[in-house]
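Engineer: The file below is final35.csv, CSV, N, CA and C atoms:
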chain,number,residue,atom,x,y,z
A,1,MET,N,188.6,31.4,170.6
A,1,MET,CA,188.9,30.5,169.5
A,1,MET,C,190.2,31.0,168.9
A,2,LYS,N,191.1,30.0,168.6
A,2,LYS,CA,192.4,30.3,168.1
A,2,LYS,C,192.3,30.4,166.5
A,3,LEU,N,193.0,31.3,166.0
A,3,LEU,CA,193.1,31.5,164.5
A,3,LEU,C,194.6,31.4,164.1
A,4,MET,N,194.8,30.7,162.9
A,4,MET,CA,196.1,30.7,162.3
A,4,MET,C,196.0,31.5,161.0
A,5,LEU,N,196.8,32.6,161.0
A,5,LEU,CA,196.9,33.4,159.8
A,5,LEU,C,198.2,33.2,159.1
A,6,VAL,N,198.0,32.9,157.8
A,6,VAL,CA,199.2,32.6,157.0
A,6,VAL,C,199.3,33.6,155.8
A,7,HIS,N,200.5,34.1,155.6
A,7,HIS,CA,200.8,35.0,154.5
A,7,HIS,C,202.0,34.5,153.8
A,8,SER,N,201.8,34.1,152.5
A,8,SER,CA,202.9,33.5,151.8
A,8,SER,C,203.2,34.3,150.6
A,9,GLU,N,204.5,34.6,150.4
A,9,GLU,CA,205.0,35.3,149.2
A,9,GLU,C,206.0,34.4,148.5
A,10,LYS,N,206.6,34.9,147.4
A,10,LYS,CA,207.5,34.1,146.7
A,10,LYS,C,208.7,33.6,147.5
A,11,ASP,N,209.2,34.5,148.4
A,11,ASP,CA,210.4,34.2,149.1
A,11,ASP,C,210.2,34.3,150.7
A,12,ARG,N,209.0,34.4,151.1
A,12,ARG,CA,208.7,34.6,152.5
A,12,ARG,C,207.4,33.9,152.9
A,13,LEU,N,207.4,33.3,154.1
A,13,LEU,CA,206.2,32.7,154.7
A,13,LEU,C,206.1,33.2,156.1
A,14,GLN,N,204.9,33.8,156.4
A,14,GLN,CA,204.6,34.3,157.8
A,14,GLN,C,203.4,33.6,158.3
A,15,ILE,N,203.5,33.2,159.6
A,15,ILE,CA,202.4,32.5,160.3
A,15,ILE,C,202.2,33.2,161.6
A,16,ALA,N,200.9,33.5,161.9
A,16,ALA,CA,200.6,34.1,163.2
A,16,ALA,C,199.5,33.3,163.9
A,17,ILE,N,199.6,33.0,165.2
A,17,ILE,CA,198.6,32.3,165.9
A,17,ILE,C,197.9,33.4,166.8
A,18,VAL,N,196.6,33.6,166.6
A,18,VAL,CA,195.9,34.6,167.4
A,18,VAL,C,194.8,34.0,168.2
A,19,ASP,N,194.6,34.4,169.4
A,19,ASP,CA,193.6,34.0,170.3
A,19,ASP,C,192.9,35.2,170.9
A,20,LYS,N,191.6,35.3,170.7
A,20,LYS,CA,190.8,36.4,171.2
A,20,LYS,C,191.4,37.8,170.9
A,21,GLY,N,191.9,37.9,169.7
A,21,GLY,CA,192.5,39.2,169.3
A,21,GLY,C,193.9,39.4,169.8
A,22,ARG,N,194.5,38.5,170.5
A,22,ARG,CA,195.9,38.6,171.0
A,22,ARG,C,196.8,37.7,170.2
A,23,LEU,N,198.0,38.3,169.9
A,23,LEU,CA,199.0,37.5,169.1
A,23,LEU,C,199.7,36.6,170.1
A,24,LEU,N,199.6,35.2,169.9
A,24,LEU,CA,200.2,34.3,170.8
A,24,LEU,C,201.6,33.9,170.2
A,25,GLU,N,201.7,33.6,169.0
A,25,GLU,CA,202.9,33.1,168.4
A,25,GLU,C,203.0,33.7,167.0
A,26,PHE,N,204.3,34.0,166.5
A,26,PHE,CA,204.6,34.5,165.2
A,26,PHE,C,205.8,33.8,164.7
A,27,TYR,N,205.7,33.3,163.4
A,27,TYR,CA,206.8,32.6,162.8
A,27,TYR,C,207.0,33.3,161.4
A,28,MET,N,208.3,33.4,161.0
A,28,MET,CA,208.6,33.9,159.7
A,28,MET,C,209.8,33.1,159.2
A,29,GLU,N,209.6,32.7,157.9
A,29,GLU,CA,210.7,31.9,157.3
A,29,GLU,C,210.9,32.5,155.9
A,30,THR,N,212.2,32.8,155.7
A,30,THR,CA,212.6,33.3,154.3
A,30,THR,C,213.3,32.2,153.6
A,31,ARG,N,213.0,32.1,152.3
A,31,ARG,CA,213.6,31.1,151.5
A,31,ARG,C,214.7,31.8,150.7
A,32,GLU,N,215.9,31.2,150.8
A,32,GLU,CA,217.0,31.7,149.9
A,32,GLU,C,216.9,31.1,148.6
A,33,MET,N,217.3,31.8,147.6
A,33,MET,CA,217.2,31.3,146.2
A,33,MET,C,218.0,30.1,146.0
A,34,ASP,N,219.2,30.0,146.5
A,34,ASP,CA,220.0,28.8,146.4
A,34,ASP,C,219.8,28.0,147.7
A,35,SER,N,219.5,26.7,147.5
A,35,SER,CA,219.1,25.9,148.6
A,35,SER,C,220.3,25.6,149.6
A,36,GLN,N,220.0,25.5,150.8
A,36,GLN,CA,220.9,25.2,151.8
A,36,GLN,C,221.0,23.7,152.0
A,37,LEU,N,222.2,23.1,152.1
A,37,LEU,CA,222.4,21.7,152.2
A,37,LEU,C,222.6,21.3,153.6
A,38,VAL,N,223.0,22.1,154.5
A,38,VAL,CA,223.3,21.7,155.9
A,38,VAL,C,222.0,21.2,156.5
A,39,GLY,N,222.2,20.0,157.1
A,39,GLY,CA,221.0,19.3,157.7
A,39,GLY,C,220.4,18.3,156.8
A,40,SER,N,220.7,18.4,155.5
A,40,SER,CA,220.1,17.4,154.6
A,40,SER,C,220.7,16.0,154.8
A,41,ILE,N,219.9,15.0,154.6
A,41,ILE,CA,220.4,13.6,154.8
A,41,ILE,C,220.4,12.9,153.4
A,42,PHE,N,221.5,12.3,153.1
A,42,PHE,CA,221.7,11.6,151.8
A,42,PHE,C,222.1,10.2,152.0
A,43,LYS,N,221.7,9.3,151.1
A,43,LYS,CA,222.3,8.0,151.0
A,43,LYS,C,223.4,8.1,149.9
A,44,GLY,N,224.6,7.9,150.4
A,44,GLY,CA,225.7,8.0,149.5
A,44,GLY,C,226.5,6.7,149.3
A,45,ARG,N,227.5,6.8,148.5
A,45,ARG,CA,228.3,5.7,148.2
A,45,ARG,C,229.8,6.1,148.4
A,46,ILE,N,230.6,5.3,149.1
A,46,ILE,CA,232.0,5.6,149.3
A,46,ILE,C,232.7,5.4,148.0
A,47,VAL,N,233.4,6.5,147.6
A,47,VAL,CA,234.2,6.4,146.3
A,47,VAL,C,235.7,6.3,146.5
A,48,ASN,N,236.1,6.8,147.7
A,48,ASN,CA,237.6,6.7,147.9
A,48,ASN,C,237.8,6.7,149.4
A,49,VAL,N,238.7,5.8,149.9
A,49,VAL,CA,239.1,5.8,151.3
A,49,VAL,C,240.6,6.1,151.4
A,50,LEU,N,240.9,7.1,152.2
A,50,LEU,CA,242.3,7.6,152.3
A,50,LEU,C,242.8,7.3,153.7
A,51,PRO,N,243.5,6.2,153.9
A,51,PRO,CA,244.0,5.8,155.3
A,51,PRO,C,245.0,6.8,155.8
A,52,GLY,N,245.7,7.5,155.0
A,52,GLY,CA,246.7,8.5,155.5
A,52,GLY,C,246.0,9.7,156.1
A,53,MET,N,244.9,10.1,155.6
A,53,MET,CA,244.1,11.2,156.1
A,53,MET,C,243.1,10.8,157.1
A,54,GLN,N,242.9,9.4,157.3
A,54,GLN,CA,241.8,8.9,158.1
A,54,GLN,C,240.4,9.5,157.7
A,55,ALA,N,240.2,9.5,156.4
A,55,ALA,CA,239.0,10.1,155.8
A,55,ALA,C,238.5,9.3,154.6
A,56,ALA,N,237.3,9.6,154.2
A,56,ALA,CA,236.8,9.0,153.0
A,56,ALA,C,236.0,10.1,152.2
A,57,PHE,N,235.8,9.8,150.9
A,57,PHE,CA,235.0,10.7,150.1
A,57,PHE,C,233.7,9.9,149.7
A,58,VAL,N,232.6,10.6,149.8
A,58,VAL,CA,231.3,10.0,149.6
A,58,VAL,C,230.6,10.7,148.4
A,59,ASP,N,230.1,9.9,147.5
A,59,ASP,CA,229.3,10.5,146.4
A,59,ASP,C,227.9,10.6,146.9
A,60,ILE,N,227.4,11.9,147.0
A,60,ILE,CA,226.0,12.1,147.4
A,60,ILE,C,225.2,12.8,146.3
A,61,GLY,N,225.7,12.8,145.1
A,61,GLY,CA,225.0,13.3,144.0
A,61,GLY,C,225.3,14.8,143.7
A,62,LEU,N,226.3,15.4,144.4
A,62,LEU,CA,226.6,16.8,144.1
A,62,LEU,C,227.8,16.8,143.1
A,63,VAL,N,228.2,18.0,142.7
A,63,VAL,CA,229.3,18.1,141.7
A,63,VAL,C,230.6,17.6,142.3
A,64,LYS,N,230.9,17.9,143.6
A,64,LYS,CA,232.1,17.4,144.3
A,64,LYS,C,231.6,16.4,145.3
A,65,ASN,N,232.5,15.4,145.5
A,65,ASN,CA,232.2,14.4,146.5
A,65,ASN,C,232.3,15.0,147.9
A,66,ALA,N,231.5,14.5,148.9
A,66,ALA,CA,231.6,14.9,150.2
A,66,ALA,C,232.7,14.3,151.0
A,67,PHE,N,233.2,15.0,152.1
A,67,PHE,CA,234.3,14.6,152.9
A,67,PHE,C,233.8,14.0,154.2
A,68,LEU,N,234.2,12.8,154.6
A,68,LEU,CA,233.8,12.2,155.8
A,68,LEU,C,235.0,11.8,156.6
A,69,TYR,N,235.2,12.4,157.8
A,69,TYR,CA,236.3,12.1,158.7
A,69,TYR,C,236.0,11.0,159.6
A,70,ILE,N,237.1,10.3,160.0
A,70,ILE,CA,236.9,9.1,160.8
A,70,ILE,C,236.1,9.3,162.1
A,71,ASP,N,236.3,10.5,162.8
A,71,ASP,CA,235.6,10.7,164.0
A,71,ASP,C,234.1,10.9,163.8
A,72,ASP,N,233.7,11.1,162.5
A,72,ASP,CA,232.3,11.2,162.2
A,72,ASP,C,231.7,9.8,161.8
A,73,VAL,N,232.5,8.8,161.9
A,73,VAL,CA,232.0,7.4,161.6
A,73,VAL,C,232.0,6.7,162.9
A,74,LEU,N,232.9,6.9,163.9
A,74,LEU,CA,232.9,6.2,165.2
A,74,LEU,C,231.7,6.6,166.0
A,75,HIS,N,231.4,5.8,167.0
A,75,HIS,CA,230.3,6.1,167.9
A,75,HIS,C,230.4,7.5,168.5
A,76,PRO,N,229.3,8.2,168.6
A,76,PRO,CA,229.4,9.6,169.2
A,76,PRO,C,229.8,9.6,170.6
A,77,HIS,N,229.5,8.6,171.4
A,77,HIS,CA,229.9,8.6,172.9
A,77,HIS,C,231.4,8.1,172.9
A,78,LEU,N,232.2,8.9,173.6
A,78,LEU,CA,233.6,8.6,173.7
A,78,LEU,C,233.8,7.3,174.5
A,79,ASP,N,233.0,7.1,175.5
A,79,ASP,CA,233.1,5.9,176.3
A,79,ASP,C,232.7,4.6,175.6
A,80,GLN,N,232.0,4.7,174.5
A,80,GLN,CA,231.6,3.6,173.7
A,80,GLN,C,232.5,3.4,172.5
A,81,GLN,N,233.5,4.2,172.3
A,81,GLN,CA,234.4,4.0,171.2
A,81,GLN,C,235.5,3.0,171.6
A,82,PRO,N,236.1,2.3,170.6
A,82,PRO,CA,237.2,1.4,171.0
A,82,PRO,C,238.4,2.1,171.6
A,83,LYS,N,239.1,1.4,172.5
A,83,LYS,CA,240.3,2.0,173.1
A,83,LYS,C,241.3,2.5,172.1
A,84,GLU,N,241.6,1.7,171.1
A,84,GLU,CA,242.5,2.1,170.0
A,84,GLU,C,241.6,2.5,168.8
A,85,LYS,N,241.8,3.6,168.3
A,85,LYS,CA,241.0,4.1,167.1
A,85,LYS,C,241.3,3.2,165.9
A,86,PRO,N,240.3,2.6,165.3
A,86,PRO,CA,240.6,1.8,164.1
A,86,PRO,C,240.9,2.7,162.9
A,87,THR,N,241.5,2.1,161.9
A,87,THR,CA,241.8,2.9,160.7
A,87,THR,C,240.4,3.1,159.9
A,88,ILE,N,240.4,4.1,159.1
A,88,ILE,CA,239.2,4.3,158.2
A,88,ILE,C,238.9,3.1,157.3
A,89,ALA,N,240.0,2.5,156.9
A,89,ALA,CA,239.9,1.3,155.9
A,89,ALA,C,239.3,0.1,156.6
A,90,GLN,N,239.3,0.0,158.0
A,90,GLN,CA,238.7,-1.1,158.7
A,90,GLN,C,237.2,-0.8,158.8
A,91,LEU,N,236.8,0.4,158.7
A,91,LEU,CA,235.4,0.8,158.9
A,91,LEU,C,234.6,0.9,157.6
A,92,LEU,N,235.3,1.4,156.6
A,92,LEU,CA,234.6,1.7,155.3
A,92,LEU,C,235.3,1.1,154.2
A,93,ARG,N,234.6,0.7,153.1
A,93,ARG,CA,235.2,0.2,151.9
A,93,ARG,C,234.6,0.9,150.7
A,94,VAL,N,235.3,1.0,149.6
A,94,VAL,CA,234.9,1.6,148.4
A,94,VAL,C,233.6,0.8,147.9
A,95,GLY,N,232.6,1.6,147.5
A,95,GLY,CA,231.4,1.0,147.0
A,95,GLY,C,230.3,0.8,148.1
A,96,GLN,N,230.7,0.9,149.3
A,96,GLN,CA,229.7,0.8,150.4
A,96,GLN,C,228.7,1.9,150.4
A,97,GLU,N,227.4,1.6,150.7
A,97,GLU,CA,226.4,2.6,150.8
A,97,GLU,C,226.3,3.0,152.2
A,98,ILE,N,226.1,4.3,152.4
A,98,ILE,CA,226.1,4.9,153.8
A,98,ILE,C,225.2,6.1,153.9
A,99,LEU,N,224.5,6.2,155.0
A,99,LEU,CA,223.6,7.4,155.2
A,99,LEU,C,224.5,8.5,155.9
A,100,VAL,N,224.4,9.7,155.4
A,100,VAL,CA,225.2,10.8,155.9
A,100,VAL,C,224.3,12.1,156.0
A,101,GLN,N,224.7,13.0,156.9
A,101,GLN,CA,224.1,14.3,157.0
A,101,GLN,C,225.1,15.4,156.8
A,102,VAL,N,224.7,16.4,156.0
A,102,VAL,CA,225.7,17.5,155.7
A,102,VAL,C,225.8,18.4,156.9
A,103,VAL,N,227.0,18.7,157.3
A,103,VAL,CA,227.3,19.6,158.4
A,103,VAL,C,228.0,20.9,158.0
A,104,LYS,N,228.5,20.9,156.8
A,104,LYS,CA,229.2,22.1,156.3
A,104,LYS,C,229.0,22.2,154.8
A,105,GLU,N,228.6,23.3,154.3
A,105,GLU,CA,228.3,23.5,152.9
A,105,GLU,C,229.6,23.4,152.0
A,106,PRO,N,229.4,23.0,150.8
A,106,PRO,CA,230.6,23.0,149.9
A,106,PRO,C,231.0,24.4,149.7
A,107,LEU,N,232.3,24.6,149.6
A,107,LEU,CA,232.9,25.9,149.4
A,107,LEU,C,234.0,25.9,148.4
A,108,GLY,N,233.9,26.7,147.4
A,108,GLY,CA,235.0,26.8,146.4
A,108,GLY,C,235.2,25.4,145.7
A,109,GLY,N,236.4,24.9,145.8
A,109,GLY,CA,236.7,23.6,145.1
A,109,GLY,C,236.5,22.4,146.0
A,110,LYS,N,236.1,22.7,147.3
A,110,LYS,CA,235.9,21.6,148.3
A,110,LYS,C,234.4,21.1,148.3
A,111,GLY,N,234.3,19.8,148.6
A,111,GLY,CA,232.9,19.3,148.7
A,111,GLY,C,232.4,19.5,150.1
A,112,ALA,N,231.2,19.1,150.3
A,112,ALA,CA,230.5,19.3,151.6
A,112,ALA,C,231.2,18.4,152.6
A,113,ARG,N,231.1,18.8,153.9
A,113,ARG,CA,231.5,17.9,155.0
A,113,ARG,C,230.3,17.2,155.5
A,114,VAL,N,230.4,15.9,155.8
A,114,VAL,CA,229.3,15.1,156.2
A,114,VAL,C,229.7,14.3,157.4
A,115,THR,N,228.6,13.8,158.1
A,115,THR,CA,228.8,13.0,159.3
A,115,THR,C,227.7,11.9,159.3
A,116,THR,N,228.0,10.8,160.1
A,116,THR,CA,227.0,9.8,160.3
A,116,THR,C,226.3,10.0,161.6
A,117,HIS,N,226.6,11.1,162.3
A,117,HIS,CA,225.9,11.4,163.6
A,117,HIS,C,224.8,12.4,163.3
A,118,PHE,N,223.6,11.8,163.2
A,118,PHE,CA,222.4,12.6,162.7
A,118,PHE,C,221.8,13.4,163.9
A,119,SER,N,221.3,14.6,163.5
A,119,SER,CA,220.5,15.4,164.4
A,119,SER,C,219.3,16.0,163.7
A,120,LEU,N,218.2,15.8,164.3
A,120,LEU,CA,216.9,16.2,163.6
A,120,LEU,C,216.3,17.2,164.6
A,121,PRO,N,216.4,18.5,164.3
A,121,PRO,CA,215.9,19.5,165.3
A,121,PRO,C,214.4,19.7,165.1
A,122,GLY,N,213.7,19.8,166.2
A,122,GLY,CA,212.3,20.1,166.3
A,122,GLY,C,212.0,21.4,167.0
A,123,ARG,N,210.8,21.6,167.3
A,123,ARG,CA,210.5,22.9,168.0
A,123,ARG,C,210.9,22.8,169.5
A,124,PHE,N,210.8,21.7,170.1
A,124,PHE,CA,211.1,21.6,171.6
A,124,PHE,C,212.2,20.7,171.9
A,125,LEU,N,212.7,20.0,170.9
A,125,LEU,CA,213.9,19.1,171.2
A,125,LEU,C,214.7,18.8,169.9
A,126,VAL,N,215.9,18.3,170.1
A,126,VAL,CA,216.7,17.9,169.0
A,126,VAL,C,216.9,16.4,169.2
A,127,TYR,N,216.4,15.6,168.2
A,127,TYR,CA,216.5,14.1,168.2
A,127,TYR,C,217.9,13.7,167.7
A,128,MET,N,218.7,13.1,168.5
A,128,MET,CA,220.0,12.6,168.1
A,128,MET,C,220.1,11.1,168.3
A,129,PRO,N,219.7,10.3,167.4
A,129,PRO,CA,219.7,8.9,167.6
A,129,PRO,C,221.2,8.4,167.9
A,130,HIS,N,221.3,7.5,168.8
A,130,HIS,CA,222.6,6.9,169.2
A,130,HIS,C,223.5,7.9,170.0
A,131,ALA,N,223.1,9.1,170.3
A,131,ALA,CA,223.9,10.0,171.0
A,131,ALA,C,223.3,10.4,172.3
As C-alpha cells, please, write out the structure in this file.
Structural biologist:
Amino acid sequence: MKLMLVHSEKDRLQIAIVDKGRLLEFYMETREMDSQLVGSIFKGRIVNVLPGMQAAFVDIGLVKNAFLYIDDVLHPHLDQQPKEKPTIAQLLRVGQEILVQVVKEPLGGKGARVTTHFSLPGRFLVYMPHA
C-alpha cells in the first residue's frame, strides 16, 4: 500500500511517497517571501505602442508596465511568420486587451518582460499551445 506523507511549515512543503517501507518519490518546495512573477499569466491592456522600438507596454496591474517585444507577438514558428515582419502598430493598438505570460522579473526601474507565447510546465511535459 502506498502512503503519501506531507510535512508543511510556514515556508516549506515536503511530500514523500512510500510503498512497503521504501521511499519512491520525494518532493520539496520552498516558498520565497516575495512572490515570483515568472510564469504568471495576466490579462493586460496595451497602454503604449512604440513603432521605433518595435515594442509595446502592457498594463498588467503592477507598479511598472510590462514590456512586450514584436517577436513575442508574432507566431512562434518561423515558417508561419509573414515574409516581411509587420510593424508593431499593425499588430497592436492602444487599449487592446491581450493575454501575456511573464518571462522576466521586473528589475530596478524596468517593468517585467512578457510574451504571448505561453508555456505551462507539468511533471512529464511542457504544454506550449501554437508552438
Engineer: So how many Å separate atom C of Lys20 in chain A and atom N of Met4 in chain A, to one decimal?
Structural biologist: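 So the two atoms, atom C of Lys20 in chain A and atom N of Met4 in chain A, lie 11.2 Å apart.
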Engineer: I'd like to know which of A:Val126, A:Met28, A:Ala131, A:Ile70 is closest to Val49 in chain A, using only C-alpha atoms.
Structural biologist: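 Counting only C-alpha atoms, the residue closest to Val49 in chain A is A:Ile70.
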Engineer: With a distance cut-off of 6.5 Å and all atoms listed in the file, select the neighbouring residues of Tyr27 in chain A, excluding the residue or stretch itself and same-chain residues fewer than 5 positions from it, and output the selection as a list in words.
Structural biologist: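 Skipping anything fewer than 5 positions along the chain leaves Leu13, Gln14, Ile15, Ala16 and Ile17 of chain A.
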Engineer: One number please: atom C of Leu5 in chain A to atom N of Leu24 in chain A, in Å, one decimal.
Structural biologist: 11.1 Å
Engineer: Have a look at atom N of Asn48 in chain A and atom N of Lys83 in chain A and let me know their distance in Å, one decimal.
Structural biologist: 25.6 Å
Engineer: What are the DSSP strand (DSSP E) residues of range 85-117 of chain A, as a list in words?
Structural biologist: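 Filtering range 85-117 of chain A down to strand (DSSP E) leaves Glu97, Ile98, Leu99, Val100, Gln101, Val102, Val103, Lys104, Arg113, Val114 and Thr115 of chain A.
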Engineer: I'd like to know which of A:Leu99, A:Leu68, A:Leu50, A:Met1 is closest to Arg113 in chain A, using all atoms listed in the file.
Structural biologist: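 Smallest distance to Arg113 in chain A is found for A:Leu68.
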Engineer: If you count only C-alpha atoms, which residues fall within 7 Å of Phe118 in chain A, apart from same-chain ones fewer than 6 positions away, as a PDB file with N, CA and C atoms, keeping the file's coordinate frame?
Structural biologist:
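Just written: around_23.pdb:
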ATOM      1  N   GLN A 101     224.700  13.000 156.900  1.00  0.00           N
ATOM      2  CA  GLN A 101     224.100  14.300 157.000  1.00  0.00           C
ATOM      3  C   GLN A 101     225.100  15.400 156.800  1.00  0.00           C
ATOM      4  N   MET A 128     218.700  13.100 168.500  1.00  0.00           N
ATOM      5  CA  MET A 128     220.000  12.600 168.100  1.00  0.00           C
ATOM      6  C   MET A 128     220.100  11.100 168.300  1.00  0.00           C
ATOM      7  N   PRO A 129     219.700  10.300 167.400  1.00  0.00           N
ATOM      8  CA  PRO A 129     219.700   8.900 167.600  1.00  0.00           C
ATOM      9  C   PRO A 129     221.200   8.400 167.900  1.00  0.00           C
TER      10      PRO A 129
END
Engineer: Please return, as a PyMOL selection string, all residues of chain A that DSSP assigns to helix (DSSP H, G or I) on the basis of the backbone.
Structural biologist: chain A and resi 70-72+78-80+88-91
Engineer: Within 10 Å of Lys64 in chain A, counting only C-alpha atoms, which residues qualify if same-chain residues fewer than 2 places away don't, as a list of chain:residue names?
Structural biologist: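 Near Lys64 in chain A, the qualifying residues are A:Phe57, A:Val58, A:Asp59, A:Ile60, A:Gly61, A:Leu62, A:Ala66, A:Phe67, A:Pro106, A:Leu107, A:Gly109, A:Lys110, A:Gly111, A:Ala112.
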Engineer: Between A:Gln54, A:Tyr69, A:Gly108, A:Gly44, single out the one closest to Ala89 in chain A, counting all atoms listed in the file.
Structural biologist: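 Nearest candidate to Ala89 in chain A out of A:Gln54, A:Tyr69, A:Gly108, A:Gly44: A:Gln54.
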Engineer: Which one is closest to Phe26 in chain A: A:Lys104, A:His77, A:His130, A:His7? Count only C-alpha atoms.
Structural biologist: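 Closest to Phe26 in chain A of all the choices is A:His7.
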Engineer: Compare A:Lys10, A:Lys2, A:His117, A:Lys43 by their minimum atom-to-atom distance to Asp71 in chain A, counting all atoms listed in the file, and give me the closest one.
Structural biologist: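 Closest candidate: A:His117.
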Engineer: Counting all atoms listed in the file, which of A:Val63, A:Asp72, A:Gly39, A:Ile46 gets nearest to Thr116 in chain A?
Structural biologist: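 Counting all atoms listed in the file, the residue closest to Thr116 in chain A is A:Asp72.
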